[in-house]
>>> print(open('data_7.txt').read())   # compact mmCIF, C-alpha atoms and all ligand atoms
# COMPACT_ATOMS: atom_id res chain seq x y z
CA MET M 1 -66.24 -95.70 157.14
CA SER M 2 -64.14 -95.98 154.04
CA ARG M 3 -63.53 -99.28 152.36
CA ILE M 4 -60.06 -99.89 151.02
CA ASP M 5 -58.45 -102.50 148.74
CA LEU M 6 -54.80 -101.88 147.85
CA HIS M 7 -53.99 -105.10 145.97
CA THR M 8 -55.82 -106.03 142.76
CA HIS M 9 -55.05 -107.35 139.28
CA THR M 10 -56.61 -106.67 135.88
CA THR M 11 -56.41 -108.15 132.39
CA PHE M 12 -53.13 -106.23 132.06
CA SER M 13 -51.56 -109.02 134.11
CA ASP M 14 -53.38 -112.12 135.37
CA GLY M 15 -56.76 -110.78 136.43
CA SER M 16 -59.99 -111.45 134.57
CA TYR M 17 -61.50 -107.95 134.81
CA SER M 18 -60.39 -105.09 132.56
CA PRO M 19 -59.28 -101.91 134.38
CA THR M 20 -62.65 -100.27 133.55
CA GLU M 21 -64.63 -103.30 134.74
CA LEU M 22 -62.60 -103.47 137.95
CA VAL M 23 -63.14 -99.78 138.73
CA GLU M 24 -66.87 -100.19 138.06
CA LEU M 25 -67.04 -103.26 140.32
CA ALA M 26 -65.19 -101.41 143.08
CA SER M 27 -67.55 -98.48 142.80
CA GLN M 28 -70.63 -100.75 142.93
CA GLN M 29 -69.22 -102.34 146.09
CA ASN M 30 -68.69 -98.94 147.72
CA ILE M 31 -64.93 -99.17 147.79
CA ASP M 32 -63.52 -95.67 148.29
CA ILE M 33 -59.83 -96.33 147.77
CA LEU M 34 -58.59 -98.84 145.20
CA ALA M 35 -55.04 -99.64 144.11
CA ILE M 36 -54.38 -101.60 140.93
CA THR M 37 -51.16 -103.59 141.29
CA ASP M 38 -50.63 -105.54 138.08
CA HIS M 39 -47.50 -107.68 137.73
CA ASP M 40 -44.62 -105.96 135.92
CA THR M 41 -46.76 -103.29 134.26
CA THR M 42 -48.49 -99.98 134.88
CA ASP M 43 -50.10 -100.01 131.43
CA GLY M 44 -53.62 -100.64 132.76
CA LEU M 45 -53.57 -97.56 134.96
CA PRO M 46 -54.42 -94.83 132.40
CA GLU M 47 -57.61 -96.70 131.46
CA ALA M 48 -58.49 -97.18 135.14
CA LEU M 49 -57.87 -93.51 135.94
CA GLU M 50 -60.13 -92.52 133.08
CA ALA M 51 -62.84 -94.91 134.27
CA SER M 52 -62.64 -93.59 137.84
CA LYS M 53 -63.33 -89.99 136.78
CA GLY M 54 -66.57 -88.76 138.28
CA LEU M 55 -66.87 -91.74 140.62
CA PRO M 56 -66.52 -91.40 144.40
CA LEU M 57 -63.43 -93.57 144.27
CA GLU M 58 -59.75 -92.76 144.62
CA LEU M 59 -57.49 -94.80 142.38
CA ILE M 60 -53.93 -95.29 143.58
CA PRO M 61 -51.30 -96.23 140.99
CA GLY M 62 -49.51 -99.40 141.98
CA ILE M 63 -47.52 -102.35 140.73
CA GLU M 64 -46.42 -105.79 141.94
CA LEU M 65 -42.89 -106.96 141.14
CA SER M 66 -41.19 -110.30 141.77
CA ALA M 67 -37.80 -110.34 143.46
CA MET M 68 -35.28 -112.89 144.69
CA PHE M 69 -34.43 -112.97 148.35
CA HIS M 70 -32.47 -115.79 150.00
CA ASN M 71 -33.13 -118.04 146.98
CA ARG M 72 -36.86 -117.51 147.23
CA GLU M 73 -39.15 -115.47 145.08
CA MET M 74 -41.04 -112.77 146.90
CA HIS M 75 -43.40 -110.06 145.71
CA ILE M 76 -42.94 -106.37 146.33
CA LEU M 77 -45.70 -103.83 145.82
CA GLY M 78 -44.97 -100.27 144.75
CA TYR M 79 -47.48 -97.49 145.49
CA PHE M 80 -47.80 -93.97 144.07
CA ILE M 81 -45.28 -94.75 141.33
CA ASN M 82 -44.65 -91.97 138.84
CA LEU M 83 -46.00 -93.64 135.70
CA ALA M 84 -44.12 -91.30 133.40
CA ASP M 85 -40.72 -92.29 134.82
CA LEU M 86 -38.88 -93.49 131.71
CA GLN M 87 -36.16 -95.36 133.52
CA PHE M 88 -38.77 -97.34 135.43
CA GLN M 89 -40.70 -98.19 132.25
CA THR M 90 -37.48 -99.40 130.57
CA ARG M 91 -36.74 -101.60 133.57
CA LEU M 92 -40.26 -103.05 133.39
CA GLU M 93 -39.81 -103.86 129.73
CA ALA M 94 -36.68 -105.86 130.53
CA LEU M 95 -38.58 -107.65 133.28
CA ARG M 96 -41.40 -108.59 130.92
CA ALA M 97 -38.83 -110.01 128.51
CA THR M 98 -37.77 -112.50 131.21
CA ARG M 99 -41.37 -113.71 131.34
CA ILE M 100 -41.31 -114.53 127.63
CA GLU M 101 -37.99 -116.31 128.07
CA ARG M 102 -39.43 -118.42 130.85
CA LEU M 103 -42.54 -119.08 128.81
CA HIS M 104 -40.40 -120.59 126.04
CA HIS M 105 -38.74 -122.92 128.56
CA ILE M 106 -42.09 -124.00 130.00
CA LEU M 107 -43.52 -124.66 126.51
CA ASP M 108 -40.43 -126.78 125.71
CA ARG M 109 -41.03 -128.85 128.82
CA LEU M 110 -44.72 -129.26 128.04
CA HIS M 111 -43.77 -130.29 124.52
CA SER M 112 -41.46 -133.01 125.83
CA LEU M 113 -44.39 -134.21 127.96
CA GLY M 114 -46.48 -134.57 124.81
CA MET M 115 -48.47 -131.35 125.07
CA ASN M 116 -48.27 -129.10 122.07
CA ILE M 117 -49.17 -125.52 122.72
CA SER M 118 -47.60 -122.61 120.92
CA LEU M 119 -46.50 -119.17 122.04
CA GLU M 120 -49.28 -117.75 119.84
CA ASP M 121 -51.89 -119.83 121.70
CA VAL M 122 -50.72 -118.41 125.04
CA GLU M 123 -50.45 -114.88 123.69
CA GLN M 124 -54.02 -115.14 122.54
CA ALA M 125 -55.12 -116.24 126.00
CA SER M 126 -53.28 -113.34 127.65
CA GLY M 127 -54.65 -110.67 125.32
CA ILE M 128 -53.02 -107.29 125.81
CA GLY M 129 -51.57 -107.94 129.23
CA THR M 130 -48.45 -109.33 130.88
CA ILE M 131 -48.19 -113.04 130.10
CA GLY M 132 -48.33 -115.32 133.11
CA ARG M 133 -48.72 -118.96 134.00
CA PRO M 134 -52.53 -118.63 134.32
CA HIS M 135 -52.60 -117.99 130.57
CA ILE M 136 -50.67 -121.21 129.91
CA ALA M 137 -53.14 -122.94 132.23
CA GLN M 138 -56.05 -121.54 130.23
CA THR M 139 -54.49 -122.82 127.02
CA LEU M 140 -53.95 -126.27 128.55
CA MET M 141 -57.62 -126.29 129.53
CA ALA M 142 -58.78 -125.11 126.11
CA LYS M 143 -56.82 -127.91 124.46
CA GLY M 144 -58.22 -130.50 126.84
CA TYR M 145 -54.90 -131.40 128.48
CA VAL M 146 -56.22 -130.52 131.94
CA LYS M 147 -59.68 -130.10 133.44
CA ASN M 148 -59.13 -126.89 135.42
CA MET M 149 -56.66 -124.29 136.73
CA LYS M 150 -55.95 -126.31 139.85
CA GLU M 151 -54.93 -129.37 137.87
CA ALA M 152 -52.80 -127.27 135.50
CA PHE M 153 -50.82 -125.85 138.42
CA GLU M 154 -50.62 -129.04 140.49
CA GLN M 155 -49.56 -131.22 137.58
CA PHE M 156 -47.46 -128.89 135.46
CA LEU M 157 -47.08 -125.20 136.23
CA GLY M 158 -46.83 -124.88 140.01
CA SER M 159 -43.47 -125.04 141.81
CA ARG M 160 -43.89 -128.83 142.18
CA GLY M 161 -45.24 -129.32 138.65
CA LYS M 162 -43.51 -131.28 135.89
CA ALA M 163 -43.07 -128.26 133.61
CA TYR M 164 -42.13 -125.73 136.28
CA VAL M 165 -39.34 -123.32 135.42
CA GLN M 166 -38.03 -120.81 137.93
CA ARG M 167 -38.05 -117.29 136.58
CA VAL M 168 -34.86 -115.25 136.81
CA VAL M 169 -35.76 -112.00 138.53
CA PRO M 170 -33.70 -109.22 140.13
CA ASN M 171 -32.78 -109.26 143.82
CA ALA M 172 -35.07 -107.63 146.35
CA HIS M 173 -32.71 -104.70 146.98
CA GLU M 174 -32.72 -103.89 143.24
CA ILE M 175 -36.51 -104.03 142.96
CA ILE M 176 -36.90 -101.90 146.08
CA GLY M 177 -34.47 -99.40 144.52
CA TRP M 178 -36.43 -99.30 141.24
CA ILE M 179 -39.64 -98.45 143.10
CA ILE M 180 -37.96 -95.72 145.15
CA ASP M 181 -36.26 -94.30 142.02
CA ALA M 182 -39.70 -93.97 140.43
CA GLY M 183 -41.04 -92.04 143.41
CA GLY M 184 -42.94 -95.04 144.80
CA VAL M 185 -43.31 -96.66 148.21
CA PRO M 186 -42.04 -100.28 148.39
CA VAL M 187 -44.15 -102.66 150.48
CA LEU M 188 -43.64 -106.39 150.96
CA ALA M 189 -46.66 -108.22 149.51
CA HIS M 190 -48.38 -111.05 151.40
CA PRO M 191 -45.58 -111.70 153.91
CA TYR M 192 -46.05 -115.46 154.44
CA TRP M 193 -42.38 -115.83 155.46
CA GLU M 194 -42.48 -119.29 153.92
CA GLY M 195 -39.44 -121.34 154.81
CA PHE M 196 -38.38 -118.93 157.58
CA ASN M 197 -38.97 -119.63 161.26
CA LYS M 198 -40.03 -116.81 163.59
CA GLU M 199 -36.51 -115.61 164.30
CA GLU M 200 -35.43 -115.90 160.66
CA SER M 201 -38.50 -113.93 159.56
CA THR M 202 -37.49 -111.12 161.89
CA THR M 203 -33.92 -111.10 160.55
CA ALA M 204 -35.22 -111.25 156.96
CA CYS M 205 -37.54 -108.33 157.63
CA GLN M 206 -34.67 -106.33 159.14
CA THR M 207 -32.51 -106.97 156.06
CA LEU M 208 -35.30 -105.82 153.75
CA VAL M 209 -35.79 -102.68 155.82
CA GLU M 210 -32.06 -101.96 155.52
CA GLN M 211 -32.49 -102.35 151.77
CA GLY M 212 -35.18 -99.66 151.76
CA LEU M 213 -38.44 -101.53 152.35
CA GLN M 214 -40.99 -99.16 153.86
CA GLY M 215 -44.04 -101.27 154.56
CA LEU M 216 -45.70 -104.64 155.04
CA GLU M 217 -48.98 -105.85 153.59
CA VAL M 218 -50.25 -106.82 157.00
CA PHE M 219 -53.93 -107.18 156.04
CA TYR M 220 -54.19 -109.74 153.25
CA GLY M 221 -57.07 -111.58 151.60
CA THR M 222 -56.19 -115.03 152.93
CA PHE M 223 -54.32 -114.30 156.18
CA SER M 224 -55.50 -115.72 159.48
CA ALA M 225 -55.79 -113.53 162.58
CA ARG M 226 -52.60 -115.15 163.89
CA HIS M 227 -50.71 -114.33 160.72
CA ILE M 228 -51.94 -110.76 160.78
CA SER M 229 -50.84 -110.30 164.38
CA PHE M 230 -47.37 -111.70 163.61
CA ASN M 231 -46.87 -109.21 160.77
CA LEU M 232 -48.37 -106.45 162.88
CA GLY M 233 -45.65 -107.16 165.44
CA LEU M 234 -42.95 -106.94 162.76
CA ALA M 235 -44.38 -103.66 161.45
CA LYS M 236 -44.27 -102.20 164.96
CA GLN M 237 -40.78 -103.53 165.68
CA PHE M 238 -39.31 -102.00 162.51
CA ASP M 239 -41.61 -98.96 162.40
CA LEU M 240 -43.01 -99.94 159.00
CA LEU M 241 -46.17 -98.61 157.43
CA MET M 242 -48.98 -101.11 156.85
CA THR M 243 -51.15 -101.77 153.83
CA GLY M 244 -53.81 -104.30 152.97
CA GLY M 245 -55.64 -105.81 150.05
CA SER M 246 -57.49 -108.80 148.67
CA ASP M 247 -55.15 -109.74 145.77
CA PHE M 248 -58.28 -109.91 143.66
CA HIS M 249 -57.82 -111.70 140.30
CA GLY M 250 -61.48 -112.07 139.34
CA THR M 251 -62.37 -115.54 138.08
CA PHE M 252 -58.67 -116.52 137.95
CA LYS M 253 -58.61 -116.78 141.75
CA PRO M 254 -62.01 -118.07 142.78
CA GLY M 255 -63.03 -117.45 146.37
CA ILE M 256 -61.20 -114.12 146.71
CA ALA M 257 -63.66 -111.21 146.70
CA LEU M 258 -62.77 -107.61 145.94
CA GLY M 259 -62.37 -105.66 149.17
CA LYS M 260 -63.18 -108.73 151.27
CA GLY M 261 -60.67 -111.47 150.43
CA ARG M 262 -62.16 -114.66 151.85
CA GLY M 263 -64.68 -112.58 153.75
CA SER M 264 -62.81 -111.29 156.78
CA LEU M 265 -60.45 -108.77 155.17
CA HIS M 266 -60.62 -105.33 156.69
CA VAL M 267 -58.09 -102.66 155.83
CA PRO M 268 -58.14 -99.97 158.54
CA PRO M 269 -58.57 -96.50 156.98
CA LYS M 270 -55.73 -95.11 159.11
CA VAL M 271 -53.15 -97.06 157.03
CA MET M 272 -53.64 -94.45 154.32
CA GLU M 273 -52.17 -91.66 156.44
CA ARG M 274 -48.66 -93.11 156.64
CA LEU M 275 -48.76 -94.37 153.07
CA ARG M 276 -49.54 -90.86 151.84
CA VAL M 277 -46.81 -89.33 154.01
CA ALA M 278 -44.27 -91.87 152.68
CA ALA M 279 -45.26 -91.03 149.12
CA GLY M 280 -45.13 -87.30 149.81
CA HIS M 281 -48.82 -86.88 148.97
ZN ZN M 301 -48.12 -111.65 144.82
ZN ZN M 302 -50.95 -109.86 143.56
>>> encode(input="data_7.txt", output="structure tokens", more="lines below")
Ligand SMILES: [Zn+2]
Ligand SMILES: [Zn+2]
Amino acid sequence: MSRIDLHTHTTFSDGSYSPTELVELASQQNIDILAITDHDTTDGLPEALEASKGLPLELIPGIELSAMFHNREMHILGYFINLADLQFQTRLEALRATRIERLHHILDRLHSLGMNISLEDVEQASGIGTIGRPHIAQTLMAKGYVKNMKEAFEQFLGSRGKAYVQRVVPNAHEIIGWIIDAGGVPVLAHPYWEGFNKEESTTACQTLVEQGLQGLEVFYGTFSARHISFNLGLAKQFDLLMTGGSDFHGTFKPGIALGKGRGSLHVPPKVMERLRVAAGH
């Protein structure tokens, strides 16, 4: 039976494994189908495709984009994106610029709290990839301002932290449109439906479907059986395709294993059929 993981991150965003290392790890763990879904970038995919050559592993090009919906930030995955689509790449560049803008605001706040870290420090921590809050957290740790990631997020960088700054991102219908324009399949990542009750979640899902959403990430690394069955119901109700993945970030998200999540993740092989049909593959 094939093993599938359709949600993973590399050093090109906020994962700790390089694309080559991730592909090698997946292969060692007998994963047959792997999607790399870095935040705001597809730049890690050529390296991963190269590394997967000759291995019994299918690599699916993916991405994870943040979007606003009802004043909340949600994540939308795009699968089978055409990497050479210039319009899409230009849009991603603009999106990455908003990250740098936000980073400046966060560093200002940290500075006013007595913590001096520079943009260069954070850039160094992020290496080649998309800069994210985990890289600020790493810098705070390196400078001795916090003991670990958890403290960095709880005290400063998380949505309740003292230096938190909301990022300005496009609306969900725009992001969904970008993915479709680039030949991809838009899927709602980790549908927690935070802040929505049951009825509101259903209405929200309907709105997203009207905006072009084609799937739900029903099988997710940290979801309980109850959560999975709720999303399964929504997928049936709106005739959406289903995907699944661990949201593996390597050492940046301890306790989440590739292909397994917290241990119980299982992505049914049949999800691939509809995903391929939707992508025209
Ligand atoms: Zn996400
Ligand atoms: Zn993710």
>>> residues_near_ligand(input="data_7.txt", ligand="ligand ZN 301 (chain M)", cutoff="10 Å", atoms="only C-alpha atoms and all ligand atoms", output="VMD selection string")
chain M and resid 7 to 9 37 to 39 64 to 66 73 to 77 188 to 191 247
>>> write_last_selection(input="data_7.txt", atoms="C-alpha atoms", output="PDB file, in the coordinates of the input")
ATOM      1  CA  HIS M   7     -53.990-105.100 145.970  1.00  0.00           C
ATOM      2  CA  THR M   8     -55.820-106.030 142.760  1.00  0.00           C
ATOM      3  CA  HIS M   9     -55.050-107.350 139.280  1.00  0.00           C
ATOM      4  CA  THR M  37     -51.160-103.590 141.290  1.00  0.00           C
ATOM      5  CA  ASP M  38     -50.630-105.540 138.080  1.00  0.00           C
ATOM      6  CA  HIS M  39     -47.500-107.680 137.730  1.00  0.00           C
ATOM      7  CA  GLU M  64     -46.420-105.790 141.940  1.00  0.00           C
ATOM      8  CA  LEU M  65     -42.890-106.960 141.140  1.00  0.00           C
ATOM      9  CA  SER M  66     -41.190-110.300 141.770  1.00  0.00           C
ATOM     10  CA  GLU M  73     -39.150-115.470 145.080  1.00  0.00           C
ATOM     11  CA  MET M  74     -41.040-112.770 146.900  1.00  0.00           C
ATOM     12  CA  HIS M  75     -43.400-110.060 145.710  1.00  0.00           C
ATOM     13  CA  ILE M  76     -42.940-106.370 146.330  1.00  0.00           C
ATOM     14  CA  LEU M  77     -45.700-103.830 145.820  1.00  0.00           C
ATOM     15  CA  LEU M 188     -43.640-106.390 150.960  1.00  0.00           C
ATOM     16  CA  ALA M 189     -46.660-108.220 149.510  1.00  0.00           C
ATOM     17  CA  HIS M 190     -48.380-111.050 151.400  1.00  0.00           C
ATOM     18  CA  PRO M 191     -45.580-111.700 153.910  1.00  0.00           C
ATOM     19  CA  ASP M 247     -55.150-109.740 145.770  1.00  0.00           C
TER      20      ASP M 247
END
>>> closest_residue(input="data_7.txt", among="M:Gly215, M:Gly183, M:Pro268, M:Pro170", to="M:Asn231", atoms="all atoms listed in the file")
M:Gly215
>>> residues_around(input="data_7.txt", residues="stretch 12-25 of chain M", least_positions_apart="6", cutoff="8 Å", atoms="only C-alpha atoms", output="PyMOL selection string")
chain M and resi 34+38-41+43-45+47-48+51-52+126+128-132+134-135+248-252
>>> residues_near_point(input="data_7.txt", point="(-42.4, -124.8, 136.0)", cutoff="10 Å", atoms="only C-alpha atoms", output="list in words")
Arg102, Leu103, His105, Ile106, Leu107, Arg109, Leu110, Arg133, Phe153, Gln155, Phe156, Leu157, Gly158, Ser159, Arg160, Gly161, Lys162, Ala163, Tyr164, Val165, Gln166 and Arg167 of chain M
>>> closest_residue(input="data_7.txt", among="M:Glu58, M:Pro186, M:Leu234, M:Ile228", to="M:Glu199", atoms="all atoms listed in the file")
M:Leu234
>>> closest_residue(input="data_7.txt", among="M:Asp5, M:Glu210, M:Glu200, M:Glu151", to="ligand ZN 302 (chain M)", atoms="only C-alpha atoms and all ligand atoms")
M:Asp5
>>> closest_residue(input="data_7.txt", among="M:Leu59, M:Ala225, M:Ile81, M:Ile256", to="ligand ZN 302 (chain M)", atoms="only C-alpha atoms and all ligand atoms")
M:Ile256
>>> residues_around(input="data_7.txt", residues="M:Gln87", least_positions_apart="5", cutoff="9 Å", atoms="only C-alpha atoms", output="list in words")
Leu92, Trp178, Asp181 and Ala182 of chain M
>>> write_last_selection(input="data_7.txt", atoms="C-alpha atoms", output="compact mmCIF listing (two decimals), keeping the file's coordinate frame")
# COMPACT_ATOMS: atom_id res chain seq x y z
CA LEU M 92 -40.26 -103.05 133.39
CA TRP M 178 -36.43 -99.30 141.24
CA ASP M 181 -36.26 -94.30 142.02
CA ALA M 182 -39.70 -93.97 140.43
>>> closest_residue(input="data_7.txt", among="M:Ala35, M:Arg226, M:Val122, M:Lys236", to="M:Ile4", atoms="all atoms listed in the file")
M:Ala35
>>> residues_around(input="data_7.txt", residues="M:Phe238", least_positions_apart="4", cutoff="12 Å", atoms="all atoms listed in the file", output="list in words")
Thr202, Thr203, Ala204, Cys205, Gln206, Thr207, Leu208, Val209, Glu210, Gly212, Leu213, Gln214, Gly215, Leu216, Asn231, Leu232, Gly233, Leu234 and Met242 of chain M
>>> axis_aligned_box(input="data_7.txt", around="stretch 31-38 of chain M", padding_each_side="8 Å", output="AutoDock Vina command-line options")
--center_x -57.8 --center_y -100.6 --center_z 143.2 --size_x 30.3 --size_y 25.9 --size_z 26.2
>>> atom_distance(input="data_7.txt", atom1="atom CA of M:Ala278", atom2="atom CA of M:Val185")
6.6 Å
>>> closest_residue(input="data_7.txt", among="M:Leu95, M:Leu6, M:Ile60, M:Ile180", to="ligand ZN 302 (chain M)", atoms="all atoms listed in the file")
M:Leu6
>>> decode(input="data_7.txt", residues="stretch 151-239 of chain M", atoms="C-alpha atoms", output="short mmCIF file (atom, residue, chain, number, x, y, z; two decimals), in the first residue's frame")
data_model
loop_
_atom_site.label_atom_id
_atom_site.label_comp_id
_atom_site.auth_asym_id
_atom_site.auth_seq_id
_atom_site.Cartn_x
_atom_site.Cartn_y
_atom_site.Cartn_z
CA GLU M 151 8.95 30.63 24.80
CA ALA M 152 9.74 32.81 21.77
CA PHE M 153 6.24 32.29 20.38
CA GLU M 154 4.36 32.45 23.68
CA GLN M 155 6.13 35.57 24.90
CA PHE M 156 6.74 37.52 21.71
CA LEU M 157 5.96 36.12 18.28
CA GLY M 158 2.70 34.20 18.58
CA SER M 159 -0.68 35.89 18.06
CA ARG M 160 -0.82 36.67 21.81
CA GLY M 161 2.84 37.68 22.03
CA LYS M 162 4.12 41.17 22.86
CA ALA M 163 5.81 41.68 19.48
CA TYR M 164 3.12 40.10 17.31
CA VAL M 165 2.31 41.89 14.08
CA GLN M 166 -0.45 40.69 11.78
CA ARG M 167 0.73 40.18 8.25
CA VAL M 168 -1.22 41.82 5.43
CA VAL M 169 -2.06 39.09 2.95
CA PRO M 170 -4.50 38.87 0.03
CA ASN M 171 -8.06 37.62 0.46
CA ALA M 172 -8.84 33.94 0.06
CA HIS M 173 -10.64 34.42 -3.27
CA GLU M 174 -7.52 36.12 -4.70
CA ILE M 175 -5.16 33.40 -3.50
CA ILE M 176 -7.47 30.69 -4.83
CA GLY M 177 -7.51 32.54 -8.17
CA TRP M 178 -3.70 32.74 -8.27
CA ILE M 179 -3.41 28.98 -7.79
CA ILE M 180 -6.01 28.24 -10.48
CA ASP M 181 -4.35 30.73 -12.87
CA ALA M 182 -1.09 28.81 -12.45
CA GLY M 183 -2.76 25.51 -13.33
CA GLY M 184 -2.90 24.34 -9.71
CA VAL M 185 -5.54 22.80 -7.47
CA PRO M 186 -6.47 24.94 -4.41
CA VAL M 187 -7.05 23.01 -1.19
CA LEU M 188 -7.80 24.43 2.25
CA ALA M 189 -4.94 23.51 4.60
CA HIS M 190 -5.58 22.15 8.11
CA PRO M 191 -9.25 23.20 8.34
CA TYR M 192 -9.49 23.85 12.10
CA TRP M 193 -12.40 26.27 11.55
CA GLU M 194 -11.14 28.20 14.55
CA GLY M 195 -13.62 30.78 15.74
CA PHE M 196 -16.46 29.30 13.66
CA ASN M 197 -19.19 27.11 15.16
CA LYS M 198 -20.47 24.08 13.24
CA GLU M 199 -23.01 26.01 11.20
CA GLU M 200 -20.61 28.88 10.50
CA SER M 201 -17.94 26.42 9.36
CA THR M 202 -20.38 24.98 6.84
CA THR M 203 -21.29 28.45 5.54
CA ALA M 204 -17.59 29.42 5.41
CA CYS M 205 -16.78 26.26 3.48
CA GLN M 206 -19.61 26.98 1.03
CA THR M 207 -18.29 30.51 0.44
CA LEU M 208 -14.79 29.19 -0.24
CA VAL M 209 -16.17 26.62 -2.67
CA GLU M 210 -18.01 29.42 -4.50
CA GLN M 211 -14.67 31.22 -4.68
CA GLY M 212 -13.10 28.22 -6.41
CA LEU M 213 -11.79 26.03 -3.59
CA GLN M 214 -11.55 22.44 -4.79
CA GLY M 215 -10.46 20.44 -1.79
CA LEU M 216 -9.98 20.07 1.96
CA GLU M 217 -6.96 18.72 3.80
CA VAL M 218 -9.09 16.25 5.69
CA PHE M 219 -6.23 14.05 6.94
CA TYR M 220 -3.82 16.22 8.92
CA GLY M 221 -0.87 15.51 11.20
CA THR M 222 -2.52 16.67 14.42
CA PHE M 223 -6.25 16.13 13.77
CA SER M 224 -8.34 13.95 16.04
CA ALA M 225 -10.70 11.32 14.63
CA ARG M 226 -13.61 13.64 15.44
CA HIS M 227 -12.04 16.51 13.54
CA ILE M 228 -11.33 14.29 10.57
CA SER M 229 -14.92 13.07 10.46
CA PHE M 230 -16.26 16.64 10.62
CA ASN M 231 -14.14 17.68 7.62
CA LEU M 232 -15.00 14.44 5.86
CA GLY M 233 -18.66 15.42 6.17
CA LEU M 234 -17.96 18.86 4.69
CA ALA M 235 -16.00 17.33 1.80
CA LYS M 236 -18.95 15.03 1.03
CA GLN M 237 -21.52 17.81 1.37
CA PHE M 238 -19.70 20.10 -1.07
CA ASP M 239 -18.27 17.34 -3.25
#
